[in-house]
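Asks: Got a structure for you, coords_8.txt, holding compact mmCIF, C-alpha atoms.
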# COMPACT_ATOMS: atom_id res chain seq x y z
CA MET A 139 -18.22 -89.62 -58.44
CA ASN A 140 -20.55 -87.22 -56.76
CA PHE A 141 -17.62 -85.79 -54.83
CA THR A 142 -15.59 -85.27 -58.03
CA ARG A 143 -18.47 -83.38 -59.70
CA ARG A 144 -18.80 -81.16 -56.65
CA LYS A 145 -15.05 -80.63 -56.66
CA VAL A 146 -15.04 -79.63 -60.34
CA SER A 147 -17.94 -77.22 -59.92
CA PHE A 148 -16.20 -75.71 -56.87
CA LEU A 149 -13.05 -75.23 -58.91
CA PHE A 150 -15.04 -73.57 -61.72
CA ALA A 151 -16.74 -71.28 -59.23
CA LEU A 152 -13.37 -70.41 -57.71
CA MET A 153 -11.84 -69.65 -61.14
CA ALA A 154 -14.85 -67.51 -62.09
CA MET A 155 -14.52 -65.54 -58.87
CA ILE A 156 -10.79 -65.00 -59.47
CA GLY A 157 -11.55 -63.89 -63.05
CA VAL A 158 -14.16 -61.37 -61.87
CA LEU A 159 -11.79 -60.08 -59.21
CA LEU A 160 -8.98 -59.64 -61.76
CA ILE A 161 -11.28 -57.69 -64.06
CA LEU A 162 -12.32 -55.45 -61.19
CA ILE A 163 -8.82 -54.95 -59.84
CA ASN A 164 -7.02 -54.24 -63.15
CA PRO A 165 -8.51 -50.77 -63.84
CA ALA A 166 -7.84 -49.83 -60.25
CA TYR A 167 -4.15 -50.62 -60.79
CA ALA A 168 -4.14 -48.48 -63.95
CA GLN A 169 -5.67 -45.54 -62.10
CA ASP A 170 -3.37 -45.83 -59.14
CA GLU A 171 -0.17 -45.86 -61.22
CA THR A 172 0.85 -42.35 -60.12
CA PRO A 173 -1.49 -41.32 -57.36
CA GLY A 174 -1.94 -37.54 -56.95
CA THR A 175 -0.16 -36.63 -60.19
CA PRO A 176 -2.37 -34.86 -62.75
CA THR A 177 -2.52 -36.61 -66.11
CA ASP A 178 -1.29 -35.12 -69.39
CA ASN A 179 -4.91 -34.73 -70.48
CA GLU A 180 -5.71 -32.66 -67.40
CA VAL A 181 -2.63 -30.48 -67.97
CA ASN A 182 -3.34 -30.05 -71.69
CA ALA A 183 -6.99 -29.16 -71.04
CA ILE A 184 -5.68 -25.97 -69.39
CA ALA A 185 -2.57 -25.58 -71.55
CA LYS A 186 -4.63 -25.36 -74.75
CA GLN A 187 -6.42 -22.31 -73.33
CA LEU A 188 -3.09 -20.54 -72.88
CA TYR A 189 -0.55 -19.31 -75.40
CA CYS A 190 3.22 -19.43 -75.19
CA PRO A 191 4.34 -16.00 -73.86
CA VAL A 192 7.61 -16.16 -75.81
CA CYS A 193 6.79 -17.78 -79.16
CA GLU A 194 3.74 -15.99 -80.53
CA ASN A 195 0.54 -17.67 -81.69
CA ILE A 196 1.39 -21.17 -80.45
CA PRO A 197 -0.95 -22.75 -77.90
CA LEU A 198 0.90 -24.06 -74.86
CA ASP A 199 -0.31 -27.66 -75.27
CA VAL A 200 1.42 -28.08 -78.67
CA CYS A 201 4.39 -25.73 -78.20
CA PRO A 202 7.63 -27.75 -78.57
CA THR A 203 10.09 -25.41 -76.80
CA GLN A 204 11.77 -26.10 -73.49
CA ALA A 205 10.16 -23.02 -71.96
CA CYS A 206 6.69 -24.31 -72.87
CA ALA A 207 7.50 -27.72 -71.39
CA GLU A 208 8.40 -25.92 -68.16
CA TRP A 209 5.10 -24.02 -68.18
CA ARG A 210 3.19 -27.26 -68.72
CA GLU A 211 5.05 -28.71 -65.73
CA LEU A 212 4.08 -25.61 -63.78
CA ILE A 213 0.41 -26.29 -64.61
CA ARG A 214 0.89 -29.90 -63.43
CA LEU A 215 2.48 -28.64 -60.21
CA LYS A 216 -0.34 -26.18 -59.54
CA LEU A 217 -2.97 -28.86 -60.25
CA SER A 218 -1.27 -31.25 -57.84
CA GLU A 219 -1.36 -28.46 -55.23
CA GLY A 220 -5.13 -28.34 -55.64
CA TRP A 221 -5.43 -25.20 -57.79
CA ASP A 222 -8.40 -25.07 -60.16
CA GLU A 223 -8.43 -23.97 -63.80
CA GLY A 224 -9.45 -20.38 -63.03
CA GLN A 225 -6.71 -19.93 -60.43
CA ILE A 226 -4.05 -21.29 -62.79
CA LYS A 227 -5.16 -19.03 -65.64
CA GLN A 228 -5.19 -16.04 -63.29
CA TYR A 229 -1.66 -16.94 -62.12
CA PHE A 230 -0.44 -17.04 -65.73
CA VAL A 231 -2.05 -13.64 -66.44
CA GLU A 232 -0.37 -12.11 -63.37
CA GLN A 233 2.99 -13.59 -64.32
CA TYR A 234 3.03 -13.15 -68.09
CA GLY A 235 0.21 -10.72 -68.94
CA ALA A 236 -3.25 -11.12 -70.46
CA ARG A 237 -1.75 -11.91 -73.88
CA VAL A 238 -1.24 -15.54 -72.78
CA LEU A 239 -5.00 -16.10 -72.77
CA SER A 240 -6.50 -17.67 -75.89
CA SER A 241 -9.56 -15.41 -75.53
CA PRO A 242 -8.95 -11.91 -74.17
CA PRO A 243 -10.80 -10.87 -71.00
CA ALA A 244 -13.96 -8.87 -71.73
CA SER A 245 -12.79 -5.56 -70.28
CA GLY A 246 -11.63 -2.16 -71.56
CA PHE A 247 -10.73 -2.03 -75.25
CA ASN A 248 -11.01 -5.83 -75.41
CA TRP A 249 -14.78 -5.39 -75.58
CA LEU A 250 -14.28 -4.29 -79.19
CA VAL A 251 -13.15 -7.82 -80.07
CA TYR A 252 -16.52 -9.15 -78.98
CA ILE A 253 -18.71 -6.26 -80.17
CA ILE A 254 -17.28 -5.46 -83.62
CA PRO A 255 -18.01 -8.84 -85.27
CA ALA A 256 -21.61 -8.79 -84.01
CA VAL A 257 -22.13 -5.18 -85.11
CA GLY A 258 -20.51 -5.97 -88.48
CA ILE A 259 -22.85 -8.90 -89.04
CA LEU A 260 -25.89 -6.78 -88.10
CA ILE A 261 -24.81 -4.00 -90.47
CA GLY A 262 -24.25 -6.57 -93.23
CA ILE A 263 -27.73 -8.04 -92.71
CA PHE A 264 -29.24 -4.56 -92.78
CA LEU A 265 -27.41 -3.64 -95.99
CA LEU A 266 -28.44 -6.92 -97.64
CA TYR A 267 -32.05 -6.34 -96.58
CA LYS A 268 -31.95 -2.83 -98.05
CA ALA A 269 -30.37 -4.10 -101.28
CA PHE A 270 -33.00 -6.84 -101.73
CA GLN A 271 -35.76 -4.36 -100.94
CA SER A 272 -34.55 -1.95 -103.61
CA LEU A 273 -34.33 -4.80 -106.15
CA ARG A 274 -37.89 -5.97 -105.47
CA ALA A 275 -39.64 -2.58 -105.40
CA PRO A 276 -40.66 -1.36 -108.90
CA LEU A 277 -39.39 1.99 -109.97
CA LYS A 278 -42.06 4.63 -109.47
CA VAL A 279 -42.03 6.78 -112.56
CA ASP A 280 -44.33 9.72 -112.62
CA GLU A 281 -44.56 10.35 -116.34
CA GLU A 282 -46.08 13.77 -115.95
CA ASP A 283 -43.30 14.97 -113.73
CA ASP A 284 -40.34 13.12 -115.10
CA LEU A 285 -40.72 13.55 -118.82
CA PRO A 286 -39.07 16.68 -120.03
CA GLU A 287 -41.36 19.23 -121.56
CA VAL A 288 -41.06 19.19 -125.31
CA ASP A 289 -40.59 22.55 -126.74
CA ASP A 290 -40.01 21.59 -130.29
CA ASP A 291 -42.59 22.41 -133.03
CA TYR A 292 -41.59 19.44 -135.12
CA VAL A 293 -42.08 16.98 -132.26
CA ALA A 294 -45.41 18.63 -131.36
CA ARG A 295 -46.69 18.27 -134.91
CA LEU A 296 -45.51 14.67 -135.02
CA GLU A 297 -47.37 13.84 -131.82
CA ASP A 298 -50.54 15.55 -133.16
CA GLU A 299 -50.42 13.48 -136.28
CA LEU A 300 -49.92 10.28 -134.37
CA ARG A 301 -52.87 11.12 -132.15
CA ASN A 302 -55.10 11.82 -135.15
CA ARG A 303 -54.45 8.46 -136.78
CA MET B 199 -24.88 39.94 -90.03
CA THR B 200 -26.19 38.09 -87.03
CA GLU B 201 -28.99 36.59 -89.08
CA THR B 202 -26.52 35.37 -91.72
CA GLN B 203 -24.42 33.69 -89.04
CA ASP B 204 -27.49 32.05 -87.56
CA ASN B 205 -28.53 30.81 -90.99
CA SER B 206 -25.14 29.31 -91.68
CA THR B 207 -25.15 27.58 -88.28
CA ASP B 208 -28.56 26.17 -89.05
CA ASN B 209 -27.36 24.94 -92.41
CA ASN B 210 -24.34 23.20 -90.88
CA SER B 211 -26.28 21.18 -88.38
CA ALA B 212 -29.78 21.20 -89.81
CA GLU B 213 -31.68 17.98 -89.95
CA SER B 214 -33.75 17.31 -93.01
CA SER B 215 -36.15 14.56 -93.88
CA GLU B 216 -36.76 15.33 -97.53
CA SER B 217 -36.23 11.81 -98.80
CA GLY B 218 -37.82 9.98 -95.89
CA SER B 219 -34.57 9.12 -94.02
CA ARG B 220 -33.15 11.53 -91.48
CA LYS B 221 -30.23 13.44 -92.92
CA LEU B 222 -27.77 15.87 -91.47
CA ASN B 223 -26.33 18.79 -93.32
CA ILE B 224 -22.76 19.13 -92.16
CA PHE B 225 -20.66 21.81 -93.82
CA GLY B 226 -22.82 21.63 -96.91
CA LEU B 227 -22.59 17.84 -97.12
CA SER B 228 -25.89 16.00 -96.79
CA ILE B 229 -25.33 12.72 -94.99
CA SER B 230 -27.69 10.22 -93.35
CA ILE B 231 -27.28 9.45 -89.64
CA GLY B 232 -26.52 5.78 -90.41
CA ALA B 233 -23.74 6.70 -92.82
CA LEU B 234 -22.35 9.18 -90.32
CA ILE B 235 -22.20 6.49 -87.59
CA ALA B 236 -20.56 4.08 -90.04
CA TRP B 237 -17.88 6.64 -91.02
CA VAL B 238 -17.16 7.63 -87.41
CA SER B 239 -16.84 3.92 -86.43
CA LEU B 240 -14.52 3.27 -89.38
CA LEU B 241 -12.32 6.25 -88.49
CA PHE B 242 -12.25 5.11 -84.84
CA LEU B 243 -11.12 1.63 -85.85
CA LEU B 244 -8.50 3.00 -88.22
CA GLY B 245 -7.25 5.20 -85.38
CA ILE B 246 -6.84 2.20 -83.07
CA VAL B 247 -5.04 0.21 -85.78
CA GLY B 248 -2.79 3.21 -86.50
CA ILE B 249 -1.87 3.71 -82.83
CA SER B 250 -1.12 -0.04 -82.48
CA LEU B 251 1.13 0.04 -85.56
CA LEU B 252 2.97 3.11 -84.31
CA LYS B 253 3.54 1.44 -80.93
CA ALA B 254 4.79 -1.75 -82.61
CA GLN B 255 7.27 0.20 -84.75
CA GLN B 256 8.62 2.36 -81.93
CA GLY B 257 11.69 0.18 -81.40
CA PRO B 258 13.75 0.13 -78.20
CA VAL B 259 13.88 3.07 -75.78
CA ARG B 260 16.26 5.69 -77.11
CA ILE B 261 19.59 6.43 -75.49
CA GLY B 262 19.46 9.82 -73.80
CA SER B 263 15.74 9.63 -73.06
CA GLN B 264 14.44 9.27 -69.50
CA ALA B 265 14.51 5.61 -68.45
CA PRO B 266 11.02 4.22 -67.76
CA ASN B 267 10.20 3.97 -64.08
CA PHE B 268 9.20 0.61 -62.64
CA THR B 269 8.97 -1.28 -59.38
CA LEU B 270 10.64 -4.67 -59.20
CA THR B 271 9.42 -7.11 -56.56
CA THR B 272 12.36 -9.40 -55.96
CA PHE B 273 12.14 -13.14 -55.32
CA ASP B 274 12.84 -12.25 -51.66
CA GLY B 275 9.79 -9.96 -51.59
CA GLU B 276 11.74 -6.68 -51.52
CA GLU B 277 10.36 -3.81 -53.65
CA ILE B 278 12.83 -1.70 -55.60
CA THR B 279 11.66 1.39 -57.52
CA MET B 280 13.81 2.93 -60.23
CA ASP B 281 12.97 6.51 -59.26
CA GLU B 282 14.35 5.88 -55.78
CA LEU B 283 17.71 4.93 -57.29
CA ARG B 284 18.28 8.41 -58.75
CA GLY B 285 21.91 9.44 -58.16
CA LYS B 286 23.14 5.90 -58.81
CA VAL B 287 24.08 4.06 -61.98
CA VAL B 288 21.51 1.29 -62.51
CA VAL B 289 22.24 -1.80 -64.58
CA VAL B 290 18.96 -3.48 -65.61
CA ASN B 291 19.52 -6.94 -67.04
CA PHE B 292 16.64 -8.93 -68.62
CA TRP B 293 17.17 -12.69 -68.54
CA ALA B 294 15.39 -16.06 -68.33
CA SER B 295 16.43 -19.47 -67.04
CA TRP B 296 15.60 -21.14 -70.39
CA CYS B 297 17.79 -18.64 -72.27
CA LYS B 298 21.17 -20.16 -73.18
CA PRO B 299 22.88 -16.86 -74.19
CA CYS B 300 21.92 -15.48 -70.76
CA GLU B 301 24.16 -18.12 -69.19
CA GLN B 302 27.13 -16.73 -71.16
CA GLU B 303 27.03 -13.43 -69.29
CA ALA B 304 25.64 -14.54 -65.92
CA ALA B 305 29.03 -15.10 -64.29
CA GLU B 306 30.49 -11.86 -65.73
CA LEU B 307 27.53 -9.81 -64.51
CA GLU B 308 27.89 -11.24 -61.00
CA GLU B 309 31.62 -10.55 -61.09
CA ALA B 310 30.96 -6.97 -62.16
CA TRP B 311 28.38 -6.56 -59.39
CA ARG B 312 30.90 -7.74 -56.78
CA TYR B 313 33.44 -5.31 -58.22
CA TYR B 314 31.12 -2.27 -58.02
CA GLU B 315 29.07 -3.17 -54.92
CA PRO B 316 31.50 -1.65 -52.34
CA ARG B 317 31.29 1.75 -54.10
CA GLY B 318 27.55 2.03 -53.36
CA ASP B 319 26.76 4.14 -56.41
CA VAL B 320 26.14 1.26 -58.84
CA VAL B 321 23.07 -0.97 -58.58
CA PHE B 322 22.42 -4.15 -60.52
CA LEU B 323 18.84 -5.36 -61.08
CA GLY B 324 17.95 -8.68 -62.70
CA VAL B 325 14.55 -8.84 -64.38
CA ASP B 326 13.44 -12.42 -64.98
CA TRP B 327 11.33 -12.43 -68.15
CA THR B 328 8.57 -15.01 -68.79
CA ASP B 329 10.02 -17.67 -66.55
CA THR B 330 8.93 -20.08 -63.85
CA GLU B 331 10.03 -19.26 -60.34
CA PRO B 332 11.51 -22.66 -59.41
CA LYS B 333 13.69 -22.68 -62.55
CA ALA B 334 14.67 -19.06 -62.05
CA LEU B 335 15.77 -19.67 -58.47
CA ARG B 336 17.78 -22.71 -59.57
CA TYR B 337 19.47 -20.54 -62.24
CA LEU B 338 20.37 -17.86 -59.66
CA GLU B 339 21.76 -20.52 -57.37
CA LYS B 340 23.74 -22.16 -60.18
CA PHE B 341 25.49 -18.91 -61.12
CA ASP B 342 25.67 -17.70 -57.51
CA VAL B 343 23.91 -14.45 -58.40
CA THR B 344 23.70 -12.13 -55.37
CA TYR B 345 22.32 -8.86 -56.80
CA PRO B 346 18.54 -8.29 -56.57
CA ASN B 347 16.47 -10.29 -59.02
CA GLY B 348 12.73 -10.55 -59.53
CA PRO B 349 10.11 -11.65 -62.03
CA ASP B 350 8.79 -9.34 -64.72
CA LEU B 351 5.20 -9.65 -63.50
CA GLY B 352 2.74 -9.35 -66.36
CA THR B 353 5.76 -8.54 -68.60
CA ARG B 354 5.15 -4.91 -67.61
CA ILE B 355 8.83 -3.93 -67.24
CA SER B 356 9.89 -5.47 -70.56
CA GLN B 357 6.98 -3.68 -72.24
CA LEU B 358 8.11 -0.36 -70.75
CA TYR B 359 11.63 -0.90 -72.13
CA ARG B 360 10.19 -2.39 -75.36
CA THR B 361 12.62 -5.31 -75.17
CA THR B 362 12.89 -7.67 -78.10
CA GLY B 363 14.07 -10.75 -76.16
CA VAL B 364 16.68 -11.90 -73.66
CA PRO B 365 19.38 -11.21 -72.71
CA GLU B 366 19.20 -7.43 -72.91
CA THR B 367 20.90 -4.91 -70.64
CA TYR B 368 19.97 -1.26 -70.11
CA ILE B 369 22.26 1.03 -68.11
CA VAL B 370 20.75 4.15 -66.60
CA ASP B 371 22.95 7.07 -65.57
CA LYS B 372 22.83 8.98 -62.28
CA ASN B 373 20.30 11.45 -63.71
CA GLY B 374 17.86 8.69 -64.63
CA ALA B 375 18.55 8.85 -68.36
CA LEU B 376 19.19 5.77 -70.44
CA ALA B 377 22.90 5.79 -71.24
CA TYR B 378 23.71 2.37 -72.67
CA VAL B 379 21.82 -0.50 -74.32
CA LYS B 380 23.13 -3.99 -75.03
CA LEU B 381 20.77 -6.27 -76.97
CA SER B 382 23.00 -9.36 -76.72
CA PRO B 383 25.07 -11.00 -73.98
CA PHE B 384 28.16 -9.28 -72.61
CA LEU B 385 31.21 -11.23 -73.70
CA SER B 386 33.59 -10.21 -70.92
CA LEU B 387 33.89 -8.40 -67.59
CA GLN B 388 35.94 -5.74 -69.37
CA GLU B 389 33.03 -5.00 -71.70
CA ILE B 390 30.71 -4.45 -68.73
CA LYS B 391 33.26 -2.23 -66.99
CA SER B 392 33.79 -0.13 -70.10
CA ALA B 393 30.03 0.47 -70.25
CA ILE B 394 29.69 1.42 -66.56
CA ASN B 395 32.92 3.31 -65.80
CA PRO B 396 32.21 6.47 -67.85
CA LEU B 397 28.84 6.79 -66.08
CA VAL B 398 30.32 6.36 -62.61
CA GLU B 399 32.87 9.08 -63.27
CA GLN B 400 30.21 11.60 -64.33
Would you mind writing the file's structure down as structure tokens?

Replies:
Amino acid sequence: MNFTRRKVSFLFALMAMIGVLLILINPAYAQDETPGTPTDNEVNAIAKQLYCPVCENIPLDVCPTQACAEWRELIRLKLSEGWDEGQIKQYFVEQYGARVLSSPPASGFNWLVYIIPAVGILIGIFLLYKAFQSLRAPLKVDEEDDLPEVDDDYVARLEDELRNR
Amino acid sequence: MTETQDNSTDNNSAESSESGSRKLNIFGLSISIGALIAWVSLLFLLGIVGISLLKAQQGPVRIGSQAPNFTLTTFDGEEITMDELRGKVVVVNFWASWCKPCEQEAAELEEAWRYYEPRGDVVFLGVDWTDTEPKALRYLEKFDVTYPNGPDLGTRISQLYRTTGVPETYIVDKNGALAYVKLSPFLSLQEIKSAINPLVEQ
């Protein structure tokens, strides 16, 4: 009886150990499916920062053409060779020009792309500030200076009479 | 007379601060410095946009004009410069491995190259546009292309020729002038010969 209980508890312990081992081993199998091959996510992380050199305005990660599929494979190849993101982007610029980059490099005339929006916003804020200031400030009217001199006898007499009342 | 000239110069560039803000009097027009900067910036931007539009609407290089000079680094590492080919007829063909119409003319171009190669006064150059090197090399192997081919690095050559796609072929005469443009694939060897022969006989 005692032996049977010990046997059962041993079996439970053995099954628990196997269960734990299976849980630990399973993810390792999933990771080791294709050792050394970069995943689609790793490829697309770089591809979405690049644009198709042939079909304009389509990011490389969502471009459906055969040429784009080849470029994505090229990214995968370079990643598997140990290239980093910067090196791959630089390679694409050398091969296909700076227009493949999703954000242009901050050099030469490209600086305008970064400066103009900021300057535009600053000018807009300044103009708004000026407009609000002019709305809030009361109009300074110097009656003595601004009123035209009356040179009419009738108006002069009228004003005299009004003053005398 | 001198005083009058001096006065007018002063008026044209005089600064005034009558209304509190600094103003410039330019050719009789009173304008604040801020407005002047804004107008100059606007004109500068319009200039850039205008130049870009003009460039975009230029179209392909005109026949008869001097062919743009470029250096092609071939897949074998050899450097070929257009200017150094003066005195020869140069056939510049833009292609890509993913381009199906390019395949239509690949065999004919190679055949034409083998026909003209012994003469020595006709050069064929293949410019591989926006392609991957492994695919390009496979394409060259598939069609047994033997004339010099290289990538259009940074798409600089295609920009010089203002190409609109692939395949496109530009034939430059012995004087370095653009003599013939084909914006679609050649359909036969005869068509290629009829484009090159008049230039060889010049």

Asks: Return the single residue from B:Ala236, B:Ala375, B:Leu270, B:Val321 that is closest to chain A, with distances computed using only C-alpha atoms.

Replies: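 Of all the options, B:Ala236 lies closest to chain A.
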
Asks: Smallest atom-to-atom distance to chain A: which of B:Gln256, B:Thr353, B:Thr279, B:Gln302, using only C-alpha atoms?

Replies: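 Ranking B:Gln256, B:Thr353, B:Thr279, B:Gln302 by distance to chain A, first place goes to B:Thr353.
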
Asks: Compare B:Leu243, B:Gln264, B:Ile235, B:Arg354 by their minimum atom-to-atom distance to Val251 (chain A), counting only C-alpha atoms, and give me the closest one.

Replies: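 Of the candidates, the smallest distance to Val251 (chain A) is held by B:Leu243.
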
Asks: Tell me, as a PyMOL selection string, which residues lie within 12 Å of Cys201 (chain A), counting all atoms listed in the file; anything in the same chain fewer than 2 positions away does not count.

Replies: chain A and resi 182+185-186+188-199+203-210

Asks: Just C-alpha atoms for this one: save the residues we selected as a PDB file, keeping the file's coordinate frame.

Replies:
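The resulting file, selection-v2.pdb, is reproduced below:
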ATOM      1  CA  ASN A 182      -3.340 -30.050 -71.690  1.00  0.00           C
ATOM      2  CA  ALA A 185      -2.570 -25.580 -71.550  1.00  0.00           C
ATOM      3  CA  LYS A 186      -4.630 -25.360 -74.750  1.00  0.00           C
ATOM      4  CA  LEU A 188      -3.090 -20.540 -72.880  1.00  0.00           C
ATOM      5  CA  TYR A 189      -0.550 -19.310 -75.400  1.00  0.00           C
ATOM      6  CA  CYS A 190       3.220 -19.430 -75.190  1.00  0.00           C
ATOM      7  CA  PRO A 191       4.340 -16.000 -73.860  1.00  0.00           C
ATOM      8  CA  VAL A 192       7.610 -16.160 -75.810  1.00  0.00           C
ATOM      9  CA  CYS A 193       6.790 -17.780 -79.160  1.00  0.00           C
ATOM     10  CA  GLU A 194       3.740 -15.990 -80.530  1.00  0.00           C
ATOM     11  CA  ASN A 195       0.540 -17.670 -81.690  1.00  0.00           C
ATOM     12  CA  ILE A 196       1.390 -21.170 -80.450  1.00  0.00           C
ATOM     13  CA  PRO A 197      -0.950 -22.750 -77.900  1.00  0.00           C
ATOM     14  CA  LEU A 198       0.900 -24.060 -74.860  1.00  0.00           C
ATOM     15  CA  ASP A 199      -0.310 -27.660 -75.270  1.00  0.00           C
ATOM     16  CA  THR A 203      10.090 -25.410 -76.800  1.00  0.00           C
ATOM     17  CA  GLN A 204      11.770 -26.100 -73.490  1.00  0.00           C
ATOM     18  CA  ALA A 205      10.160 -23.020 -71.960  1.00  0.00           C
ATOM     19  CA  CYS A 206       6.690 -24.310 -72.870  1.00  0.00           C
ATOM     20  CA  ALA A 207       7.500 -27.720 -71.390  1.00  0.00           C
ATOM     21  CA  GLU A 208       8.400 -25.920 -68.160  1.00  0.00           C
ATOM     22  CA  TRP A 209       5.100 -24.020 -68.180  1.00  0.00           C
ATOM     23  CA  ARG A 210       3.190 -27.260 -68.720  1.00  0.00           C
TER      24      ARG A 210
END

Asks: Considering all atoms listed in the file, extract the chain B residues located within 8 Å of chain A and return them as a ChimeraX atom specification.

Replies: /B:296,328-330,349-354

Asks: By how many Å are CA of Ala377 (chain B) and CA of Arg284 (chain B) apart?

Replies: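 Spanning CA of Ala377 (chain B) to CA of Arg284 (chain B) is a straight-line distance of 13.6 Å.
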
Asks: Give me, please, the distance in Å between CA of Ile394 (chain B) and CA of Gly262 (chain B), quoted to one decimal.

Replies: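 These two atoms are separated by 15.1 Å.
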
Asks: Go ahead and compute the interatomic distance for CA of Tyr368 (chain B) and CA of Pro258 (chain B), in Å to one decimal.

Replies: 10.3 Å

Asks: Could you give me, as a PyMOL selection string, the residues within 12 Å of region 246-252 of chain B, counting only C-alpha atoms and dropping anything in the same chain fewer than 5 positions from it?

Replies: (chain A and resi 247-248+250) or (chain B and resi 239-241+257)

Asks: List the neighbours of Lys380 (chain B) out to 9 Å using all atoms listed in the file; skip same-chain residues closer than 5 positions along the sequence, and give me the result as a ChimeraX atom specification.

Replies: /B:365-369

Asks: Could you write out that same residue set with C-alpha atoms as a short mmCIF file (atom, residue, chain, number, x, y, z; two decimals), in the coordinates of the input?

Replies:
data_model
loop_
_atom_site.label_atom_id
_atom_site.label_comp_id
_atom_site.auth_asym_id
_atom_site.auth_seq_id
_atom_site.Cartn_x
_atom_site.Cartn_y
_atom_site.Cartn_z
CA PRO B 365 19.38 -11.21 -72.71
CA GLU B 366 19.20 -7.43 -72.91
CA THR B 367 20.90 -4.91 -70.64
CA TYR B 368 19.97 -1.26 -70.11
CA ILE B 369 22.26 1.03 -68.11
#

Asks: Which residue gives the smallest distance to Met280 (chain B) among B:Trp293, B:Ala233, B:Arg220, B:Leu323, with only C-alpha atoms counted?

Replies: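 Once distances to Met280 (chain B) are computed over only C-alpha atoms, the minimum belongs to B:Leu323.
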
Asks: Given the choices B:Gly226, B:Pro396, B:Gly363, B:Gly285, which gets closest to Cys297 (chain B) if the distance is worked out from all atoms listed in the file?

Replies: B:Gly363

Asks: With N, CA and C atoms as the goal, would you fill in the gaps in region 313-326 of chain B and present it as a tab-separated table (two decimals), in the frame of the given file?

Replies:
chain	number	residue	atom	x	y	z
B	313	TYR	N	32.39	-6.32	-58.05
B	313	TYR	CA	33.44	-5.31	-58.22
B	313	TYR	C	32.91	-3.92	-57.83
B	314	TYR	N	31.66	-3.62	-58.25
B	314	TYR	CA	31.12	-2.27	-58.02
B	314	TYR	C	30.37	-2.13	-56.69
B	315	GLU	N	29.92	-3.23	-56.12
B	315	GLU	CA	29.07	-3.17	-54.92
B	315	GLU	C	29.65	-2.31	-53.79
B	316	PRO	N	30.97	-2.45	-53.46
B	316	PRO	CA	31.50	-1.65	-52.34
B	316	PRO	C	31.40	-0.14	-52.57
B	317	ARG	N	31.37	0.31	-53.82
B	317	ARG	CA	31.29	1.75	-54.10
B	317	ARG	C	29.96	2.33	-53.61
B	318	GLY	N	28.88	1.58	-53.82
B	318	GLY	CA	27.55	2.03	-53.36
B	318	GLY	C	26.80	2.89	-54.36
B	319	ASP	N	27.47	3.28	-55.45
B	319	ASP	CA	26.76	4.14	-56.41
B	319	ASP	C	26.41	3.39	-57.70
B	320	VAL	N	26.55	2.08	-57.68
B	320	VAL	CA	26.14	1.26	-58.84
B	320	VAL	C	25.21	0.15	-58.33
B	321	VAL	N	24.05	0.05	-58.98
B	321	VAL	CA	23.07	-0.97	-58.58
B	321	VAL	C	22.80	-1.89	-59.76
B	322	PHE	N	22.77	-3.17	-59.50
B	322	PHE	CA	22.42	-4.15	-60.52
B	322	PHE	C	21.02	-4.69	-60.22
B	323	LEU	N	20.17	-4.77	-61.24
B	323	LEU	CA	18.84	-5.36	-61.08
B	323	LEU	C	18.63	-6.42	-62.15
B	324	GLY	N	18.25	-7.61	-61.75
B	324	GLY	CA	17.95	-8.68	-62.70
B	324	GLY	C	16.45	-8.80	-62.86
B	325	VAL	N	15.98	-8.71	-64.12
B	325	VAL	CA	14.55	-8.84	-64.38
B	325	VAL	C	14.32	-10.16	-65.12
B	326	ASP	N	13.66	-11.08	-64.43
B	326	ASP	CA	13.44	-12.42	-64.98
B	326	ASP	C	12.18	-12.42	-65.86
